[in-house]
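S.K.: Have a peek at work.cif (mmCIF, C-alpha atoms).
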```cif
data_input
loop_
_atom_site.label_atom_id
_atom_site.label_comp_id
_atom_site.auth_asym_id
_atom_site.auth_seq_id
_atom_site.Cartn_x
_atom_site.Cartn_y
_atom_site.Cartn_z
CA MET V 1 103.19 103.42 126.20
CA LYS V 2 105.24 106.44 125.18
CA PRO V 3 104.63 107.73 121.64
CA ARG V 4 108.17 106.89 120.61
CA GLU V 5 107.71 103.27 121.64
CA LEU V 6 104.40 102.99 119.79
CA LYS V 7 106.03 104.41 116.65
CA ARG V 8 108.67 101.71 116.89
CA ARG V 9 106.05 98.97 117.27
CA LEU V 10 103.76 100.11 114.43
CA ARG V 11 104.44 97.17 112.16
CA GLY V 12 103.02 93.78 111.40
CA VAL V 13 99.30 93.05 111.52
CA VAL V 14 96.94 95.65 112.96
CA VAL V 15 93.58 94.06 113.75
CA VAL V 16 90.68 96.50 113.56
CA MET V 17 88.40 94.57 115.87
CA ALA V 18 84.74 93.81 115.38
CA THR V 19 82.33 95.01 118.04
CA PRO V 20 80.10 92.00 118.75
CA PHE V 21 76.42 92.55 119.49
CA THR V 22 73.96 90.33 121.33
CA LYS V 23 70.64 89.23 119.85
CA SER V 24 69.05 92.18 121.65
CA ASP V 25 71.56 94.50 119.89
CA GLU V 26 73.62 95.36 122.96
CA VAL V 27 77.42 95.35 123.02
CA ASP V 28 78.41 91.76 123.82
CA VAL V 29 80.98 92.48 126.52
CA ALA V 30 81.66 88.84 127.37
CA GLY V 31 82.05 88.08 123.67
CA LEU V 32 84.43 90.99 123.17
CA ARG V 33 86.53 89.75 126.06
CA GLU V 34 86.72 86.29 124.51
CA ASN V 35 87.59 87.71 121.09
CA THR V 36 90.38 89.75 122.70
CA ARG V 37 91.75 86.71 124.52
CA PHE V 38 91.77 84.80 121.24
CA LEU V 39 93.76 87.52 119.47
CA VAL V 40 96.20 87.99 122.35
CA GLN V 41 96.85 84.24 122.40
CA LYS V 42 97.30 83.96 118.63
CA GLY V 43 99.51 87.04 118.57
CA ALA V 44 101.74 86.13 121.50
CA GLY V 45 105.32 87.03 120.61
CA LYS V 46 104.24 88.27 117.19
CA PRO V 47 103.72 91.75 115.71
CA LEU V 48 99.96 92.02 116.32
CA ILE V 49 98.23 95.26 117.38
CA LEU V 50 94.60 95.58 118.50
CA VAL V 51 92.31 98.44 117.43
CA PRO V 52 88.89 98.50 119.11
CA THR V 53 86.11 100.88 117.98
CA GLY V 54 87.50 101.64 114.57
CA SER V 55 85.55 101.53 111.31
CA THR V 56 85.40 97.74 111.36
CA GLY V 57 84.18 98.08 114.95
CA GLU V 58 81.20 100.10 113.66
CA PHE V 59 82.10 103.06 115.87
CA TYR V 60 79.64 105.24 113.99
CA THR V 61 76.77 103.10 115.32
CA LEU V 62 77.95 103.17 118.93
CA SER V 63 76.90 105.63 121.59
CA ASP V 64 79.78 107.28 123.43
CA GLU V 65 78.96 105.10 126.43
CA GLU V 66 79.14 101.94 124.31
CA ARG V 67 82.35 103.10 122.75
CA ARG V 68 83.99 103.74 126.10
CA LEU V 69 82.81 100.33 127.28
CA ALA V 70 84.34 98.56 124.28
CA ILE V 71 87.66 100.40 124.59
CA LYS V 72 87.99 99.65 128.31
CA THR V 73 87.01 96.01 127.79
CA VAL V 74 89.76 95.44 125.22
CA VAL V 75 92.39 97.35 127.20
CA ASP V 76 91.59 95.42 130.38
CA GLU V 77 91.53 92.04 128.67
CA ALA V 78 94.73 92.65 126.68
CA ASN V 79 96.38 93.69 129.95
CA GLY V 80 99.60 94.82 128.29
CA LYS V 81 100.07 91.57 126.35
CA ALA V 82 99.37 93.31 123.02
CA PRO V 83 99.40 97.01 122.12
CA VAL V 84 95.94 98.59 122.03
CA VAL V 85 95.36 101.58 119.74
CA ALA V 86 91.77 102.73 120.24
CA GLY V 87 89.66 104.28 117.49
CA THR V 88 88.56 107.62 118.95
CA ALA V 89 87.53 109.82 116.02
CA HIS V 90 84.54 112.12 115.95
CA ALA V 91 83.62 114.60 113.25
CA GLY V 92 84.65 117.46 115.55
CA THR V 93 87.99 118.09 117.23
CA ARG V 94 86.67 118.68 120.76
CA SER V 95 84.76 115.38 120.84
CA THR V 96 87.77 113.55 119.40
CA VAL V 97 89.99 114.95 122.16
CA LEU V 98 87.52 113.89 124.85
CA MET V 99 87.27 110.30 123.57
CA SER V 100 91.04 110.14 123.07
CA LYS V 101 91.66 111.30 126.63
CA TYR V 102 89.30 108.61 127.88
CA ALA V 103 91.26 105.96 125.96
CA GLN V 104 94.49 107.29 127.43
CA ASP V 105 93.07 107.32 130.95
CA VAL V 106 91.97 103.67 130.83
CA GLY V 107 95.37 102.52 129.53
CA ALA V 108 95.30 102.46 125.73
CA ASP V 109 98.75 102.62 124.14
CA GLY V 110 97.64 105.03 121.43
CA VAL V 111 94.67 106.25 119.43
CA MET V 112 93.72 105.98 115.77
CA VAL V 113 91.84 108.99 114.41
CA VAL V 114 90.10 108.88 111.05
CA LEU V 115 89.87 112.08 109.01
CA PRO V 116 87.20 114.53 110.23
CA TYR V 117 84.04 113.92 108.23
CA TYR V 118 80.88 115.79 107.20
CA HIS V 119 82.18 119.40 107.01
CA VAL V 120 85.33 119.54 104.89
CA PRO V 121 88.24 121.41 106.50
CA SER V 122 90.96 123.38 104.75
CA GLU V 123 94.47 121.97 104.86
CA GLN V 124 95.29 124.27 107.76
CA GLY V 125 92.11 123.22 109.55
CA MET V 126 93.10 119.59 109.04
CA TYR V 127 96.57 120.29 110.41
CA GLU V 128 95.14 122.06 113.47
CA HIS V 129 92.70 119.21 114.08
CA TYR V 130 95.44 116.62 114.42
CA ARG V 131 97.88 118.95 116.16
CA THR V 132 95.24 119.74 118.78
CA VAL V 133 94.50 116.06 119.40
CA ALA V 134 98.19 115.17 119.66
CA GLU V 135 99.01 118.03 122.00
CA ALA V 136 96.18 117.03 124.35
CA LEU V 137 97.62 113.54 124.86
CA LYS V 138 100.62 111.75 126.30
CA ILE V 139 100.11 108.72 124.05
CA GLY V 140 100.66 108.45 120.31
CA VAL V 141 98.22 109.37 117.54
CA VAL V 142 97.87 107.34 114.32
CA ILE V 143 96.19 109.22 111.47
CA TYR V 144 93.68 107.19 109.48
CA ASN V 145 93.84 108.67 105.98
CA ASN V 146 90.62 107.33 104.47
CA PRO V 147 88.90 109.38 101.75
CA ASP V 148 86.22 106.71 101.32
CA THR V 149 84.65 107.31 104.72
CA SER V 150 85.46 111.00 105.12
CA LYS V 151 85.33 112.51 101.58
CA VAL V 152 88.64 114.25 102.31
CA TYR V 153 92.28 113.21 101.93
CA ILE V 154 95.64 114.26 103.37
CA LYS V 155 98.17 114.50 100.55
CA PRO V 156 101.83 113.57 101.10
CA GLU V 157 102.95 117.19 101.56
CA LEU V 158 100.51 117.85 104.40
CA MET V 159 101.10 114.43 105.94
CA SER V 160 104.80 115.21 106.02
CA ARG V 161 104.05 118.37 108.03
CA LEU V 162 101.88 116.38 110.41
CA ALA V 163 104.62 113.79 110.87
CA ASP V 164 106.72 116.58 112.43
CA VAL V 165 104.11 117.16 115.16
CA GLU V 166 105.21 115.59 118.43
CA GLY V 167 102.89 112.74 119.34
CA ILE V 168 101.81 111.85 115.79
CA VAL V 169 103.46 108.48 115.30
CA GLY V 170 102.06 106.83 112.18
CA GLU V 171 99.57 106.73 109.36
CA LYS V 172 97.01 104.21 108.17
CA GLU V 173 96.97 104.92 104.44
CA ASN V 174 93.91 103.92 102.42
CA THR V 175 94.82 104.90 98.89
CA SER V 176 94.36 102.25 96.22
CA ASN V 177 96.70 104.18 93.93
CA LEU V 178 100.16 102.63 94.16
CA MET V 179 101.87 105.76 92.82
CA THR V 180 100.23 107.82 95.57
CA TYR V 181 101.35 105.27 98.15
CA TYR V 182 104.87 105.44 96.70
CA ARG V 183 104.88 109.23 97.08
CA MET V 184 103.55 108.94 100.63
CA MET V 185 106.27 106.43 101.53
CA LYS V 186 108.95 108.60 99.96
CA GLN V 187 107.93 111.79 101.80
CA VAL V 188 106.52 110.44 105.04
CA GLY V 189 108.01 106.96 105.44
CA PRO V 190 111.39 108.24 106.72
CA LYS V 191 109.54 110.12 109.50
CA MET V 192 106.93 107.60 110.63
CA PRO V 193 105.37 104.27 109.59
CA VAL V 194 102.95 104.38 106.66
CA LEU V 195 100.73 101.33 107.08
CA CYS V 196 98.57 99.78 104.37
CA GLY V 197 94.96 100.36 105.38
CA LEU V 198 93.35 98.14 102.74
CA GLY V 199 94.06 94.64 103.97
CA GLU V 200 95.89 91.58 102.73
CA PHE V 201 95.50 92.04 98.98
CA TRP V 202 96.88 95.58 98.84
CA PHE V 203 99.55 94.90 101.45
CA HIS V 204 101.18 92.21 99.34
CA LEU V 205 101.59 94.83 96.61
CA GLU V 206 102.66 97.71 98.87
CA ALA V 207 105.18 95.46 100.63
CA LEU V 208 107.26 95.79 97.46
CA LEU V 209 107.54 99.51 98.31
CA GLY V 210 108.66 98.85 101.88
CA CYS V 211 105.29 98.91 103.66
CA PRO V 212 105.98 97.97 107.32
CA GLY V 213 102.57 96.50 108.13
CA TYR V 214 98.90 96.53 107.39
CA ILE V 215 95.40 96.74 108.77
CA SER V 216 93.36 93.54 108.62
CA MET V 217 89.75 92.63 109.27
CA ILE V 218 90.34 88.98 108.29
CA ALA V 219 92.62 88.71 111.33
CA ASN V 220 89.53 88.94 113.53
CA TYR V 221 88.89 85.26 112.78
CA ALA V 222 92.02 84.06 110.92
CA PRO V 223 95.06 85.88 112.39
CA GLN V 224 97.29 82.97 111.41
CA ILE V 225 96.72 83.76 107.73
CA SER V 226 97.35 87.48 108.22
CA LEU V 227 100.55 86.86 110.17
CA GLU V 228 101.73 84.32 107.59
CA LEU V 229 101.38 86.96 104.88
CA PHE V 230 103.26 89.57 106.89
CA THR V 231 106.08 87.17 107.73
CA ALA V 232 106.48 86.22 104.07
CA ALA V 233 106.60 89.86 103.00
CA GLU V 234 108.99 90.80 105.81
CA ARG V 235 111.50 88.21 104.64
CA LYS V 236 110.89 89.35 101.04
CA ASP V 237 109.54 85.95 100.05
CA PHE V 238 107.06 87.40 97.57
CA PRO V 239 106.12 84.07 95.96
CA ALA V 240 104.99 82.91 99.44
CA ALA V 241 103.05 86.16 99.88
CA GLN V 242 101.37 85.66 96.51
CA ALA V 243 100.45 82.12 97.55
CA VAL V 244 98.57 83.49 100.55
CA ILE V 245 96.62 85.87 98.33
CA LYS V 246 95.82 83.05 95.93
CA ARG V 247 94.53 80.99 98.85
CA LEU V 248 92.23 83.87 99.82
CA GLY V 249 90.79 83.99 96.29
CA PRO V 250 87.54 82.15 97.15
CA LEU V 251 86.87 84.67 99.93
CA TYR V 252 87.43 87.64 97.61
CA ASP V 253 85.14 86.05 95.04
CA PHE V 254 82.47 85.49 97.69
CA GLU V 255 82.72 89.11 98.83
CA SER V 256 82.13 90.27 95.26
CA LYS V 257 79.16 87.93 94.91
CA VAL V 258 77.55 89.18 98.14
CA ALA V 259 78.16 92.80 97.18
CA ALA V 260 76.37 92.24 93.88
CA ALA V 261 73.48 90.41 95.55
CA HIS V 262 72.96 93.17 98.13
CA GLY V 263 73.62 96.00 95.69
CA PRO V 264 73.63 98.35 94.07
CA SER V 265 75.79 100.50 96.32
CA THR V 266 74.68 104.07 96.97
CA THR V 267 78.22 105.47 96.73
CA ILE V 268 78.95 108.33 94.34
CA LEU V 269 82.70 107.94 94.74
CA PRO V 270 84.73 107.08 91.62
CA PHE V 271 85.34 103.48 90.61
CA GLY V 272 88.19 102.00 92.60
CA MET V 273 86.95 103.24 95.96
CA THR V 274 84.93 100.92 98.18
CA GLY V 275 81.60 100.17 96.53
CA SER V 276 80.11 97.87 99.14
CA TYR V 277 80.45 97.43 102.87
CA GLU V 278 78.85 94.01 102.99
CA TRP V 279 82.32 92.67 103.84
CA LEU V 280 81.43 93.74 107.37
CA ALA V 281 78.54 91.28 107.50
CA ILE V 282 80.80 88.58 106.02
CA MET V 283 83.47 89.18 108.67
CA LYS V 284 81.01 89.05 111.54
CA GLU V 285 79.36 85.88 110.26
CA ALA V 286 82.78 84.27 109.75
CA MET V 287 83.51 85.00 113.40
CA ASN V 288 80.25 83.33 114.40
CA LEU V 289 81.09 80.30 112.26
CA VAL V 290 84.47 79.75 113.94
CA GLU V 291 82.84 80.05 117.38
CA LEU V 292 84.03 83.57 118.11
CA HIS V 293 81.61 86.44 118.71
CA GLY V 294 80.51 88.67 115.87
CA GLY V 295 76.75 88.82 116.06
CA ALA V 296 75.15 90.80 113.25
CA PRO V 297 76.09 94.24 111.94
CA ARG V 298 73.94 97.18 112.93
CA LEU V 299 71.90 98.89 110.27
CA PRO V 300 72.36 100.31 107.71
CA ILE V 301 74.62 97.31 106.89
CA GLN V 302 72.54 94.20 106.26
CA PRO V 303 73.31 90.72 107.64
CA LEU V 304 73.92 87.73 105.38
CA THR V 305 71.07 85.52 104.29
CA GLU V 306 70.91 81.91 105.47
CA LYS V 307 72.01 80.74 102.02
CA GLU V 308 74.99 83.10 102.11
CA ARG V 309 75.95 81.87 105.57
CA ASP V 310 76.00 78.29 104.31
CA GLU V 311 78.16 79.28 101.34
CA LEU V 312 80.53 81.23 103.59
CA SER V 313 81.03 78.13 105.73
CA LYS V 314 82.26 76.29 102.64
CA VAL V 315 84.48 79.21 101.65
CA LEU V 316 86.14 79.20 105.06
CA ASP V 317 86.91 75.51 104.64
CA GLN V 318 88.45 76.27 101.22
CA ILE V 319 90.82 78.86 102.64
CA GLY V 320 91.84 76.70 105.58
CA VAL V 321 89.75 78.27 108.33
CA LYS V 322 87.75 75.69 110.25
CA ALA V 323 84.07 76.56 110.58
CA SER V 324 81.93 74.94 113.23
#
```
What's the structure tokens form of this structure?
M.R.:
Amino acid sequence: MKPRELKRRLRGVVVVMATPFTKSDEVDVAGLRENTRFLVQKGAGKPLILVPTGSTGEFYTLSDEERRLAIKTVVDEANGKAPVVAGTAHAGTRSTVLMSKYAQDVGADGVMVVLPYYHVPSEQGMYEHYRTVAEALKIGVVIYNNPDTSKVYIKPELMSRLADVEGIVGEKENTSNLMTYYRMMKQVGPKMPVLCGLGEFWFHLEALLGCPGYISMIANYAPQISLELFTAAERKDFPAAQAVIKRLGPLYDFESKVAAAHGPSTTILPFGMTGSYEWLAIMKEAMNLVELHGGAPRLPIQPLTEKERDELSKVLDQIGVKAS
């Protein structure tokens, strides 16, 4: 897919896919194929984009070989029926380019690249990082602007410069500050899509500011809910959008309960940033409960306890997702 076409299609629900693991902790290729088929079927004719090996896909726990395997599996199974934007980030530019070229070579429609992490670049270094990746490819690059995972952040002024680089087609924006999102939309939105990176709850707020779509982990097992929310927001039926968020209330409450039980978090980031990543274990267990393939998260994220799994089954029933 040409970058211009991907830019046009960056809207709706972007599913950052789980990477399922077997009981022996190998990538569950057959399970990943089935998960992909499920999403392609549920998203047929709808604005649904697939992102393998992103943060939700635990890319940081995967070897390069496993990562390439997961990307190729999703691309092959999707077979052009849904856009595939592969997560290809590494801490260094050269490694990011190599993984991005692999994704391009096996047929991905674009790549999503989280901010370089560990060593903190200057603004010019950040600009050169993304420019170098974009210039090495013939497919589009989506910048994942996530200070929580990378301890850096691209401000609206720099993002506006990056939006002028040929091949950079969109941004996944992870600020939980609505004024910052407003500024990003005002400066960058006219140039390329600025997607909500924080899921259903934040999207229903940012939709008021013209957000064209959002990243979802819930869509791994309940894409019908995620698409319902997007459709309501797209037609500006905000009471309907609020009703979806209200329906998800028991899940949000359960996530908070699990985070407290598995805590405290080791983060030193200010309040308002992500304090717990146990949502990853919840998502993967929810997939198992609806007879998809999640497996367990890899350490350092802990799996749910048996008691928590039982409670999650009841929560899924409450929000209208049938558990087995």
S.K.: If I take CA of Met192 in chain V and CA of Ala103 in chain V, how far is one from the other in Å, to one decimal?
M.R.: 22.0 Å
S.K.: Any chance you could resolve the PyMOL selection byres ((chain V and resi 128) around 12) against this file and give the residues as a list in words?
M.R.: Gly92, Thr93, Arg94, Pro116, Pro121, Ser122, Glu123, Gln124, Gly125, Met126, Tyr127, His129, Tyr130, Arg131, Thr132, Val133, Ala134, Glu135, Leu158, Arg161, Leu162 and Val165 of chain V
S.K.: Identify the residues within 7 Å of coordinate (97.8, 107.8, 107.9) (same frame as the file), considering all atoms listed in the file, and give the answer as a ChimeraX atom specification.
M.R.: /V:142-145,170-173,194
S.K.: Point out the residue among V:Glu200, V:Ile168, V:Ala30, V:Leu289 with the least atom-to-atom distance to Gln242 in chain V, counting all atoms listed in the file.
M.R.: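 Closest to Gln242 in chain V, using all atoms listed in the file: V:Glu200.
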S.K.: Here's the selection I'm unsure about, the PyMOL selection byres ((chain V and resi 54) around 10); applied to the file above, which residues does it give, as a short mmCIF file (atom, residue, chain, number, x, y, z; two decimals) with C-alpha atoms, in the frame of the given file?
M.R.:
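After the write, out14.cif holds the following:
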```cif
data_model
loop_
_atom_site.label_atom_id
_atom_site.label_comp_id
_atom_site.auth_asym_id
_atom_site.auth_seq_id
_atom_site.Cartn_x
_atom_site.Cartn_y
_atom_site.Cartn_z
CA VAL V 15 93.58 94.06 113.75
CA VAL V 16 90.68 96.50 113.56
CA MET V 17 88.40 94.57 115.87
CA ALA V 18 84.74 93.81 115.38
CA THR V 19 82.33 95.01 118.04
CA VAL V 51 92.31 98.44 117.43
CA PRO V 52 88.89 98.50 119.11
CA THR V 53 86.11 100.88 117.98
CA SER V 55 85.55 101.53 111.31
CA THR V 56 85.40 97.74 111.36
CA GLY V 57 84.18 98.08 114.95
CA GLU V 58 81.20 100.10 113.66
CA PHE V 59 82.10 103.06 115.87
CA TYR V 60 79.64 105.24 113.99
CA ARG V 67 82.35 103.10 122.75
CA VAL V 85 95.36 101.58 119.74
CA ALA V 86 91.77 102.73 120.24
CA GLY V 87 89.66 104.28 117.49
CA THR V 88 88.56 107.62 118.95
CA ALA V 89 87.53 109.82 116.02
CA VAL V 111 94.67 106.25 119.43
CA MET V 112 93.72 105.98 115.77
CA VAL V 113 91.84 108.99 114.41
CA VAL V 114 90.10 108.88 111.05
CA TYR V 144 93.68 107.19 109.48
#
```
S.K.: Take the point (97.7, 97.9, 123.1) as written in the file and pick out every residue within 12 Å of it, counting only C-alpha atoms; give the list as a ChimeraX atom specification.
M.R.: /V:1-2,5-6,9-10,14-16,36,39-40,43,47-52,71-87,103-104,106-112,139-140
S.K.: Run the PyMOL selection byres ((chain V and resi 262) around 12) on the file and write out the hits as a VMD selection string.
M.R.: chain V and resid 255 to 261 263 to 266 275 to 279 281 300 to 305 308
S.K.: What is the distance between CA of Val315 in chain V and CA of Phe230 in chain V, in Å to one decimal?
M.R.: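 Interatomic distance here is 22.1 Å.
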S.K.: Could you name the residues that touch Leu178 in chain V at 12 Å or less, counting only C-alpha atoms, but leaving out those on the same chain fewer than 5 positions away, as an mmCIF file with C-alpha atoms, keeping the file's coordinate frame?
M.R.:
```
data_model
loop_
_atom_site.group_PDB
_atom_site.id
_atom_site.type_symbol
_atom_site.label_atom_id
_atom_site.label_comp_id
_atom_site.auth_asym_id
_atom_site.auth_seq_id
_atom_site.Cartn_x
_atom_site.Cartn_y
_atom_site.Cartn_z
ATOM 1 C CA GLU V 173 96.970 104.920 104.440
ATOM 2 C CA ARG V 183 104.880 109.230 97.080
ATOM 3 C CA MET V 184 103.550 108.940 100.630
ATOM 4 C CA MET V 185 106.270 106.430 101.530
ATOM 5 C CA CYS V 196 98.570 99.780 104.370
ATOM 6 C CA LEU V 198 93.350 98.140 102.740
ATOM 7 C CA TRP V 202 96.880 95.580 98.840
ATOM 8 C CA PHE V 203 99.550 94.900 101.450
ATOM 9 C CA HIS V 204 101.180 92.210 99.340
ATOM 10 C CA LEU V 205 101.590 94.830 96.610
ATOM 11 C CA GLU V 206 102.660 97.710 98.870
ATOM 12 C CA ALA V 207 105.180 95.460 100.630
ATOM 13 C CA LEU V 208 107.260 95.790 97.460
ATOM 14 C CA LEU V 209 107.540 99.510 98.310
ATOM 15 C CA CYS V 211 105.290 98.910 103.660
#
```
S.K.: Measuring atom to atom with all atoms listed in the file, identify which of V:Arg309, V:Arg68, V:Arg4, V:Lys101 is nearest to Val27 in chain V.
M.R.: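 Closest candidate: V:Arg68.
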S.K.: Give me the residues near Met287 in chain V as number ranges by chain, where near means some atom within 9 Å (using only C-alpha atoms) and where sequence neighbours in that chain fewer than 6 positions away do not count.
M.R.: V: 220-222, 293-295, 323
S.K.: Take CA of Tyr118 in chain V and CA of Leu299 in chain V and report the distance between them in Å, one decimal.
M.R.: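 Atom-to-atom, CA of Tyr118 in chain V and CA of Leu299 in chain V are spaced 19.4 Å apart.
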